[in-house]
Amino acid sequence: MTNESKSTPAPFQPNDRRGLKRFNAIEILAILLGLGACSIGLIGAIIGIPMILAAIYSAVFIPPKVNRGLYIGKCPHCGAAMSATHYQTEVDCPSCAGDVAVRDSRFIAMPKKTAGHKAA
Ligand SMILES: [Zn+2]
């Protein structure tokens with residue numbers, strides 16, 4: 001295969017997960033709901049306290065399913081600095097608007113998309 005596309009290394013930079021940043025949005029919500037339930041009274045606390053403990057346990061002891069962070073590298077089309085978030089598999093270069101695929105910690109140059117999805 002000589003038809004290999006241009007690509008540039010884009011090392012993954014994981015988000016900081018120290019301290020309070022360990023808590024994700026769902027865990028924070030569970031803690032807030034738990035605290036709210038506790039304020040209702042004893043019955044609320046029976047529901048609320050386990051929710052808070054479960055959220056703390058989840059944040060502290062369970063590794064995240066998705067490694068949140070950024071791929072940071074250079075556009076394979078024009079060389080401008082660019083980044084992609086962990087959930088993106090395709091991004092547009094902010095400088096040249098070229099299509100770039102994100103795969104295996106690399107930015108891979110994609111041929112410019114034509115309008116419509118119908119293949120010839
Ligand atoms: Zn570019």
# chains A, B, ... in the order shown; residues from 1 in each chain; ligands from 1

call {"tool": "residues_near_ligand", "arguments": {"ligand": "ligand 1", "cutoff": "7 Å", "atoms": "only C-alpha atoms and all ligand atoms", "output": "PyMOL selection string"}}
result
chain A and resi 75-80+93-98

call {"tool": "write_last_selection", "arguments": {"atoms": "C-alpha atoms", "output": "short mmCIF file (atom, residue, chain, number, x, y, z; two decimals), in the first residue's frame"}}
result
data_model
loop_
_atom_site.label_atom_id
_atom_site.label_comp_id
_atom_site.auth_asym_id
_atom_site.auth_seq_id
_atom_site.Cartn_x
_atom_site.Cartn_y
_atom_site.Cartn_z
CA CYS A 75 -2.99 19.50 11.66
CA PRO A 76 -1.68 16.98 9.09
CA HIS A 77 -2.91 19.29 6.31
CA CYS A 78 -1.43 22.64 7.29
CA GLY A 79 0.60 22.07 10.46
CA ALA A 80 -1.43 24.41 12.69
CA CYS A 93 -8.89 21.98 11.49
CA PRO A 94 -9.60 25.47 12.86
CA SER A 95 -7.05 26.96 10.45
CA CYS A 96 -7.60 25.24 7.11
CA ALA A 97 -10.96 23.52 7.77
CA GLY A 98 -9.48 20.25 6.55
#

call {"tool": "residues_around", "arguments": {"residues": "Ala10 in chain A", "least_positions_apart": "2", "cutoff": "10 Å", "atoms": "only C-alpha atoms", "output": "tab-separated table (two decimals) with N, CA and C atoms, in the first residue's frame"}}
result
chain	number	residue	atom	x	y	z
A	7	SER	N	-0.21	11.74	8.41
A	7	SER	CA	-0.68	11.80	9.78
A	7	SER	C	0.39	12.43	10.67
A	8	THR	N	-0.06	12.96	11.78
A	8	THR	CA	0.85	13.58	12.74
A	8	THR	C	0.58	12.99	14.11
A	12	PHE	N	-2.19	11.86	23.76
A	12	PHE	CA	-3.37	12.06	24.59
A	12	PHE	C	-2.97	12.69	25.93
A	13	GLN	N	-3.65	13.77	26.27
A	13	GLN	CA	-3.41	14.44	27.55
A	13	GLN	C	-4.62	14.23	28.44
A	70	LEU	N	-7.72	15.32	26.16
A	70	LEU	CA	-7.57	15.94	24.85
A	70	LEU	C	-6.43	15.29	24.08
A	71	TYR	N	-6.64	15.15	22.79
A	71	TYR	CA	-5.54	14.81	21.89
A	71	TYR	C	-4.98	16.13	21.38
A	72	ILE	N	-3.71	16.35	21.61
A	72	ILE	CA	-3.11	17.62	21.21
A	72	ILE	C	-2.01	17.35	20.20
A	73	GLY	N	-2.10	18.00	19.05
A	73	GLY	CA	-1.10	17.80	18.01
A	73	GLY	C	-1.20	18.88	16.96
A	74	LYS	N	-0.74	18.52	15.78
A	74	LYS	CA	-0.73	19.48	14.68
A	74	LYS	C	-1.56	18.94	13.53
A	75	CYS	N	-2.18	19.86	12.82
A	75	CYS	CA	-2.99	19.50	11.66
A	75	CYS	C	-2.11	18.83	10.61
A	82	MET	N	-3.66	22.01	16.87
A	82	MET	CA	-5.07	21.73	17.05
A	82	MET	C	-5.25	20.63	18.09
A	83	SER	N	-6.47	20.48	18.56
A	83	SER	CA	-6.74	19.46	19.56
A	83	SER	C	-8.10	18.85	19.32
A	84	ALA	N	-8.30	17.66	19.86
A	84	ALA	CA	-9.59	16.98	19.76
A	84	ALA	C	-9.92	16.41	21.13
A	102	VAL	N	-9.19	11.17	14.07
A	102	VAL	CA	-8.41	10.95	15.28
A	102	VAL	C	-8.38	9.45	15.54
A	103	ARG	N	-7.19	8.86	15.49
A	103	ARG	CA	-7.09	7.42	15.66
A	103	ARG	C	-5.74	7.07	16.27
A	104	ASP	N	-5.77	6.24	17.29
A	104	ASP	CA	-4.54	5.74	17.92
A	104	ASP	C	-3.56	6.87	18.25
A	105	SER	N	-4.10	7.93	18.86
A	105	SER	CA	-3.28	9.08	19.25
A	105	SER	C	-2.54	9.71	18.07
A	106	ARG	N	-3.21	9.71	16.93
A	106	ARG	CA	-2.65	10.40	15.77
A	106	ARG	C	-3.75	11.18	15.08
A	107	PHE	N	-3.36	12.28	14.43
A	107	PHE	CA	-4.28	13.01	13.56
A	107	PHE	C	-3.98	12.56	12.14
A	108	ILE	N	-5.01	12.07	11.46
A	108	ILE	CA	-4.82	11.53	10.12
A	108	ILE	C	-5.56	12.41	9.11

call {"tool": "atom_distance", "arguments": {"atom1": "CA of Leu20 in chain A", "atom2": "CA of Ala59 in chain A"}}
result
9.0 Å

call {"tool": "residues_around", "arguments": {"residues": "Asp99 in chain A", "least_positions_apart": "2", "cutoff": "7 Å", "atoms": "only C-alpha atoms", "output": "JSON, numbers by chain"}}
result
{"A": [91, 92, 93, 97, 101, 109, 110, 111, 112]}

call {"tool": "write_last_selection", "arguments": {"atoms": "N, CA and C atoms", "output": "PDB file, in the first residue's frame"}}
result
ATOM      1  N   VAL A  91     -12.381  15.625  13.381  1.00  0.00           N
ATOM      2  CA  VAL A  91     -12.441  17.055  13.690  1.00  0.00           C
ATOM      3  C   VAL A  91     -12.098  17.851  12.437  1.00  0.00           C
ATOM      4  N   ASP A  92     -12.513  19.114  12.460  1.00  0.00           N
ATOM      5  CA  ASP A  92     -12.123  20.034  11.396  1.00  0.00           C
ATOM      6  C   ASP A  92     -10.980  20.889  11.920  1.00  0.00           C
ATOM      7  N   CYS A  93      -9.977  21.101  11.094  1.00  0.00           N
ATOM      8  CA  CYS A  93      -8.889  21.975  11.494  1.00  0.00           C
ATOM      9  C   CYS A  93      -9.412  23.407  11.605  1.00  0.00           C
ATOM     10  N   ALA A  97      -9.661  24.187   7.895  1.00  0.00           N
ATOM     11  CA  ALA A  97     -10.959  23.518   7.771  1.00  0.00           C
ATOM     12  C   ALA A  97     -10.848  22.141   7.116  1.00  0.00           C
ATOM     13  N   ALA A 101      -9.040  12.845  10.925  1.00  0.00           N
ATOM     14  CA  ALA A 101      -9.515  11.726  11.739  1.00  0.00           C
ATOM     15  C   ALA A 101      -8.600  11.572  12.946  1.00  0.00           C
ATOM     16  N   ALA A 109      -4.845  12.830   8.087  1.00  0.00           N
ATOM     17  CA  ALA A 109      -5.444  13.688   7.065  1.00  0.00           C
ATOM     18  C   ALA A 109      -6.508  12.921   6.296  1.00  0.00           C
ATOM     19  N   MET A 110      -7.685  13.530   6.164  1.00  0.00           N
ATOM     20  CA  MET A 110      -8.777  12.908   5.414  1.00  0.00           C
ATOM     21  C   MET A 110      -9.024  13.717   4.151  1.00  0.00           C
ATOM     22  N   PRO A 111      -9.390  13.028   3.084  1.00  0.00           N
ATOM     23  CA  PRO A 111      -9.740  13.777   1.873  1.00  0.00           C
ATOM     24  C   PRO A 111     -10.954  14.647   2.149  1.00  0.00           C
ATOM     25  N   LYS A 112     -10.979  15.787   1.522  1.00  0.00           N
ATOM     26  CA  LYS A 112     -12.074  16.733   1.740  1.00  0.00           C
ATOM     27  C   LYS A 112     -13.400  16.095   1.375  1.00  0.00           C
TER      28      LYS A 112
END

call {"tool": "atom_distance", "arguments": {"atom1": "CA of Gly44 in chain A", "atom2": "CA of Phe61 in chain A"}}
result
25.4 Å

call {"tool": "residues_around", "arguments": {"residues": "Leu32 in chain A", "least_positions_apart": "2", "cutoff": "12 Å", "atoms": "only C-alpha atoms", "output": "list in words"}}
result
Ala25, Ile26, Glu27, Ile28, Leu29, Ala30, Gly34, Leu35, Gly36, Ala37, Cys38, Ser39, Gly48, Ile49, Met51, Ile52, Leu53, Ala55 and Ile56 of chain A

call {"tool": "write_last_selection", "arguments": {"atoms": "N, CA and C atoms", "output": "PDB file, in the first residue's frame"}}
result
ATOM      1  N   ALA A  25     -19.945  14.594  36.666  1.00  0.00           N
ATOM      2  CA  ALA A  25     -21.218  15.306  36.812  1.00  0.00           C
ATOM      3  C   ALA A  25     -22.280  14.439  37.481  1.00  0.00           C
ATOM      4  N   ILE A  26     -22.313  13.151  37.147  1.00  0.00           N
ATOM      5  CA  ILE A  26     -23.339  12.268  37.704  1.00  0.00           C
ATOM      6  C   ILE A  26     -23.110  12.077  39.202  1.00  0.00           C
ATOM      7  N   GLU A  27     -21.853  11.938  39.577  1.00  0.00           N
ATOM      8  CA  GLU A  27     -21.543  11.752  40.997  1.00  0.00           C
ATOM      9  C   GLU A  27     -21.878  13.000  41.806  1.00  0.00           C
ATOM     10  N   ILE A  28     -21.569  14.166  41.237  1.00  0.00           N
ATOM     11  CA  ILE A  28     -21.900  15.417  41.933  1.00  0.00           C
ATOM     12  C   ILE A  28     -23.411  15.538  42.088  1.00  0.00           C
ATOM     13  N   LEU A  29     -24.137  15.196  41.017  1.00  0.00           N
ATOM     14  CA  LEU A  29     -25.597  15.246  41.065  1.00  0.00           C
ATOM     15  C   LEU A  29     -26.131  14.309  42.150  1.00  0.00           C
ATOM     16  N   ALA A  30     -25.561  13.101  42.241  1.00  0.00           N
ATOM     17  CA  ALA A  30     -26.013  12.136  43.240  1.00  0.00           C
ATOM     18  C   ALA A  30     -25.777  12.679  44.644  1.00  0.00           C
ATOM     19  N   GLY A  34     -28.634  13.501  47.208  1.00  0.00           N
ATOM     20  CA  GLY A  34     -28.536  12.848  48.513  1.00  0.00           C
ATOM     21  C   GLY A  34     -28.654  13.854  49.642  1.00  0.00           C
ATOM     22  N   LEU A  35     -27.957  14.974  49.486  1.00  0.00           N
ATOM     23  CA  LEU A  35     -28.041  16.021  50.515  1.00  0.00           C
ATOM     24  C   LEU A  35     -29.456  16.574  50.596  1.00  0.00           C
ATOM     25  N   GLY A  36     -30.081  16.737  49.431  1.00  0.00           N
ATOM     26  CA  GLY A  36     -31.455  17.222  49.404  1.00  0.00           C
ATOM     27  C   GLY A  36     -32.395  16.259  50.108  1.00  0.00           C
ATOM     28  N   ALA A  37     -32.199  14.952  49.851  1.00  0.00           N
ATOM     29  CA  ALA A  37     -33.039  13.935  50.488  1.00  0.00           C
ATOM     30  C   ALA A  37     -32.835  13.951  52.003  1.00  0.00           C
ATOM     31  N   CYS A  38     -31.584  14.138  52.427  1.00  0.00           N
ATOM     32  CA  CYS A  38     -31.294  14.178  53.865  1.00  0.00           C
ATOM     33  C   CYS A  38     -32.047  15.319  54.545  1.00  0.00           C
ATOM     34  N   SER A  39     -32.214  16.428  53.842  1.00  0.00           N
ATOM     35  CA  SER A  39     -32.849  17.593  54.462  1.00  0.00           C
ATOM     36  C   SER A  39     -34.332  17.365  54.685  1.00  0.00           C
ATOM     37  N   GLY A  48     -30.803   9.194  51.076  1.00  0.00           N
ATOM     38  CA  GLY A  48     -29.775  10.162  50.702  1.00  0.00           C
ATOM     39  C   GLY A  48     -28.371   9.745  51.079  1.00  0.00           C
ATOM     40  N   ILE A  49     -28.183   9.228  52.291  1.00  0.00           N
ATOM     41  CA  ILE A  49     -26.827   8.887  52.734  1.00  0.00           C
ATOM     42  C   ILE A  49     -26.204   7.796  51.848  1.00  0.00           C
ATOM     43  N   MET A  51     -26.801   7.254  48.789  1.00  0.00           N
ATOM     44  CA  MET A  51     -26.510   7.895  47.495  1.00  0.00           C
ATOM     45  C   MET A  51     -25.192   8.650  47.561  1.00  0.00           C
ATOM     46  N   ILE A  52     -24.993   9.378  48.659  1.00  0.00           N
ATOM     47  CA  ILE A  52     -23.758  10.163  48.811  1.00  0.00           C
ATOM     48  C   ILE A  52     -22.568   9.209  48.902  1.00  0.00           C
ATOM     49  N   LEU A  53     -22.707   8.170  49.713  1.00  0.00           N
ATOM     50  CA  LEU A  53     -21.598   7.218  49.871  1.00  0.00           C
ATOM     51  C   LEU A  53     -21.284   6.524  48.544  1.00  0.00           C
ATOM     52  N   ALA A  55     -21.761   7.696  45.568  1.00  0.00           N
ATOM     53  CA  ALA A  55     -21.126   8.661  44.666  1.00  0.00           C
ATOM     54  C   ALA A  55     -19.662   8.847  45.030  1.00  0.00           C
ATOM     55  N   ILE A  56     -19.375   8.935  46.322  1.00  0.00           N
ATOM     56  CA  ILE A  56     -17.988   9.113  46.760  1.00  0.00           C
ATOM     57  C   ILE A  56     -17.179   7.860  46.421  1.00  0.00           C
TER      58      ILE A  56
END

call {"tool": "select_by_dssp", "arguments": {"residues": "range 18-95 of chain A", "states": "alpha helix (DSSP H)", "output": "VMD selection string"}}
result
chain A and resid 25 to 40 42 to 61

call {"tool": "write_last_selection", "arguments": {"atoms": "N, CA and C atoms", "output": "compact mmCIF listing (two decimals), in the first residue's frame"}}
result
# COMPACT_ATOMS: atom_id res chain seq x y z
N ALA A 25 -19.94 14.59 36.67
CA ALA A 25 -21.22 15.31 36.81
C ALA A 25 -22.28 14.44 37.48
N ILE A 26 -22.31 13.15 37.15
CA ILE A 26 -23.34 12.27 37.70
C ILE A 26 -23.11 12.08 39.20
N GLU A 27 -21.85 11.94 39.58
CA GLU A 27 -21.54 11.75 41.00
C GLU A 27 -21.88 13.00 41.81
N ILE A 28 -21.57 14.17 41.24
CA ILE A 28 -21.90 15.42 41.93
C ILE A 28 -23.41 15.54 42.09
N LEU A 29 -24.14 15.20 41.02
CA LEU A 29 -25.60 15.25 41.07
C LEU A 29 -26.13 14.31 42.15
N ALA A 30 -25.56 13.10 42.24
CA ALA A 30 -26.01 12.14 43.24
C ALA A 30 -25.78 12.68 44.64
N ILE A 31 -24.65 13.35 44.85
CA ILE A 31 -24.36 13.92 46.17
C ILE A 31 -25.36 15.03 46.49
N LEU A 32 -25.64 15.87 45.51
CA LEU A 32 -26.58 16.97 45.75
C LEU A 32 -27.99 16.42 46.02
N LEU A 33 -28.39 15.42 45.25
CA LEU A 33 -29.71 14.81 45.48
C LEU A 33 -29.74 14.14 46.86
N GLY A 34 -28.63 13.50 47.21
CA GLY A 34 -28.54 12.85 48.51
C GLY A 34 -28.65 13.85 49.64
N LEU A 35 -27.96 14.97 49.49
CA LEU A 35 -28.04 16.02 50.52
C LEU A 35 -29.46 16.57 50.60
N GLY A 36 -30.08 16.74 49.43
CA GLY A 36 -31.46 17.22 49.40
C GLY A 36 -32.39 16.26 50.11
N ALA A 37 -32.20 14.95 49.85
CA ALA A 37 -33.04 13.93 50.49
C ALA A 37 -32.84 13.95 52.00
N CYS A 38 -31.58 14.14 52.43
CA CYS A 38 -31.29 14.18 53.87
C CYS A 38 -32.05 15.32 54.54
N SER A 39 -32.21 16.43 53.84
CA SER A 39 -32.85 17.59 54.46
C SER A 39 -34.33 17.37 54.68
N ILE A 40 -34.91 16.34 54.04
CA ILE A 40 -36.33 16.05 54.23
C ILE A 40 -36.56 15.47 55.63
N LEU A 42 -35.62 11.85 58.34
CA LEU A 42 -35.04 10.52 58.53
C LEU A 42 -35.22 9.63 57.30
N ILE A 43 -36.43 9.65 56.74
CA ILE A 43 -36.68 8.79 55.57
C ILE A 43 -35.81 9.24 54.40
N GLY A 44 -35.67 10.55 54.25
CA GLY A 44 -34.81 11.09 53.21
C GLY A 44 -33.38 10.68 53.41
N ALA A 45 -32.94 10.70 54.67
CA ALA A 45 -31.55 10.36 54.96
C ALA A 45 -31.27 8.90 54.65
N ILE A 46 -32.28 8.04 54.84
CA ILE A 46 -32.09 6.61 54.54
C ILE A 46 -31.78 6.42 53.06
N ILE A 47 -32.40 7.26 52.23
CA ILE A 47 -32.13 7.19 50.79
C ILE A 47 -30.90 8.03 50.45
N GLY A 48 -30.80 9.19 51.08
CA GLY A 48 -29.77 10.16 50.70
C GLY A 48 -28.37 9.75 51.08
N ILE A 49 -28.18 9.23 52.29
CA ILE A 49 -26.83 8.89 52.73
C ILE A 49 -26.20 7.80 51.85
N PRO A 50 -26.92 6.71 51.54
CA PRO A 50 -26.31 5.72 50.62
C PRO A 50 -25.98 6.32 49.25
N MET A 51 -26.80 7.25 48.79
CA MET A 51 -26.51 7.89 47.50
C MET A 51 -25.19 8.65 47.56
N ILE A 52 -24.99 9.38 48.66
CA ILE A 52 -23.76 10.16 48.81
C ILE A 52 -22.57 9.21 48.90
N LEU A 53 -22.71 8.17 49.71
CA LEU A 53 -21.60 7.22 49.87
C LEU A 53 -21.28 6.52 48.54
N ALA A 54 -22.33 6.17 47.81
CA ALA A 54 -22.10 5.50 46.52
C ALA A 54 -21.39 6.43 45.55
N ALA A 55 -21.76 7.70 45.57
CA ALA A 55 -21.13 8.66 44.67
C ALA A 55 -19.66 8.85 45.03
N ILE A 56 -19.38 8.94 46.32
CA ILE A 56 -17.99 9.11 46.76
C ILE A 56 -17.18 7.86 46.42
N TYR A 57 -17.78 6.69 46.67
CA TYR A 57 -17.09 5.44 46.35
C TYR A 57 -16.78 5.39 44.86
N SER A 58 -17.77 5.74 44.05
CA SER A 58 -17.61 5.71 42.60
C SER A 58 -16.50 6.66 42.15
N ALA A 59 -16.46 7.85 42.76
CA ALA A 59 -15.48 8.85 42.35
C ALA A 59 -14.06 8.45 42.76
N VAL A 60 -13.95 7.85 43.94
CA VAL A 60 -12.61 7.63 44.50
C VAL A 60 -12.04 6.28 44.08
N PHE A 61 -12.89 5.25 44.00
CA PHE A 61 -12.35 3.90 43.82
C PHE A 61 -12.57 3.30 42.44

call {"tool": "atom_distance", "arguments": {"atom1": "CA of Gly69 in chain A", "atom2": "CA of His86 in chain A"}}
result
5.5 Å

call {"tool": "decode", "arguments": {"residues": "range 78-108 of chain A", "atoms": "N, CA and C atoms", "output": "short mmCIF file (atom, residue, chain, number, x, y, z; two decimals), in the first residue's frame"}}
result
data_model
loop_
_atom_site.label_atom_id
_atom_site.label_comp_id
_atom_site.auth_asym_id
_atom_site.auth_seq_id
_atom_site.Cartn_x
_atom_site.Cartn_y
_atom_site.Cartn_z
N CYS A 78 -2.10 21.34 7.35
CA CYS A 78 -1.43 22.64 7.29
C CYS A 78 -0.43 22.85 8.43
N GLY A 79 -0.39 21.95 9.39
CA GLY A 79 0.60 22.07 10.46
C GLY A 79 0.21 22.98 11.62
N ALA A 80 -1.00 23.55 11.59
CA ALA A 80 -1.43 24.41 12.69
C ALA A 80 -1.71 23.56 13.93
N ALA A 81 -1.48 24.14 15.11
CA ALA A 81 -1.76 23.44 16.35
C ALA A 81 -3.26 23.22 16.47
N MET A 82 -3.66 22.01 16.87
CA MET A 82 -5.07 21.73 17.05
C MET A 82 -5.25 20.63 18.09
N SER A 83 -6.47 20.48 18.56
CA SER A 83 -6.74 19.46 19.56
C SER A 83 -8.10 18.85 19.32
N ALA A 84 -8.30 17.66 19.86
CA ALA A 84 -9.59 16.98 19.76
C ALA A 84 -9.92 16.41 21.13
N THR A 85 -11.19 16.43 21.49
CA THR A 85 -11.58 15.85 22.77
C THR A 85 -11.68 14.33 22.63
N HIS A 86 -11.68 13.64 23.78
CA HIS A 86 -11.59 12.19 23.78
C HIS A 86 -12.71 11.50 23.01
N TYR A 87 -13.88 12.16 22.90
CA TYR A 87 -15.01 11.49 22.27
C TYR A 87 -15.10 11.79 20.78
N GLN A 88 -14.18 12.59 20.25
CA GLN A 88 -14.24 12.93 18.84
C GLN A 88 -13.40 11.96 18.02
N THR A 89 -13.95 11.48 16.93
CA THR A 89 -13.18 10.62 16.02
C THR A 89 -12.83 11.38 14.76
N GLU A 90 -13.47 12.53 14.58
CA GLU A 90 -13.21 13.36 13.41
C GLU A 90 -13.33 14.81 13.81
N VAL A 91 -12.38 15.63 13.38
CA VAL A 91 -12.44 17.05 13.69
C VAL A 91 -12.10 17.85 12.44
N ASP A 92 -12.51 19.11 12.46
CA ASP A 92 -12.12 20.03 11.40
C ASP A 92 -10.98 20.89 11.92
N CYS A 93 -9.98 21.10 11.09
CA CYS A 93 -8.89 21.98 11.49
C CYS A 93 -9.41 23.41 11.61
N PRO A 94 -9.12 24.09 12.71
CA PRO A 94 -9.60 25.47 12.86
C PRO A 94 -8.91 26.43 11.88
N SER A 95 -7.77 26.05 11.36
CA SER A 95 -7.05 26.96 10.45
C SER A 95 -7.41 26.74 8.99
N CYS A 96 -7.38 25.48 8.54
CA CYS A 96 -7.60 25.24 7.11
C CYS A 96 -8.91 24.52 6.83
N ALA A 97 -9.66 24.19 7.90
CA ALA A 97 -10.96 23.52 7.77
C ALA A 97 -10.85 22.14 7.12
N GLY A 98 -9.65 21.59 7.11
CA GLY A 98 -9.48 20.25 6.55
C GLY A 98 -10.05 19.21 7.50
N ASP A 99 -10.51 18.10 6.95
CA ASP A 99 -11.03 17.01 7.78
C ASP A 99 -9.89 16.16 8.31
N VAL A 100 -9.95 15.91 9.60
CA VAL A 100 -8.89 15.18 10.26
C VAL A 100 -9.51 14.07 11.10
N ALA A 101 -9.04 12.85 10.92
CA ALA A 101 -9.51 11.73 11.74
C ALA A 101 -8.60 11.57 12.95
N VAL A 102 -9.19 11.17 14.07
CA VAL A 102 -8.41 10.95 15.28
C VAL A 102 -8.38 9.45 15.54
N ARG A 103 -7.19 8.86 15.49
CA ARG A 103 -7.09 7.42 15.66
C ARG A 103 -5.74 7.07 16.27
N ASP A 104 -5.77 6.24 17.29
CA ASP A 104 -4.54 5.74 17.92
C ASP A 104 -3.56 6.87 18.25
N SER A 105 -4.10 7.93 18.86
CA SER A 105 -3.28 9.08 19.25
C SER A 105 -2.54 9.71 18.07
N ARG A 106 -3.21 9.71 16.93
CA ARG A 106 -2.65 10.40 15.77
C ARG A 106 -3.75 11.18 15.08
N PHE A 107 -3.36 12.28 14.43
CA PHE A 107 -4.28 13.01 13.56
C PHE A 107 -3.98 12.56 12.14
N ILE A 108 -5.01 12.07 11.46
CA ILE A 108 -4.82 11.53 10.12
C ILE A 108 -5.56 12.41 9.11
#
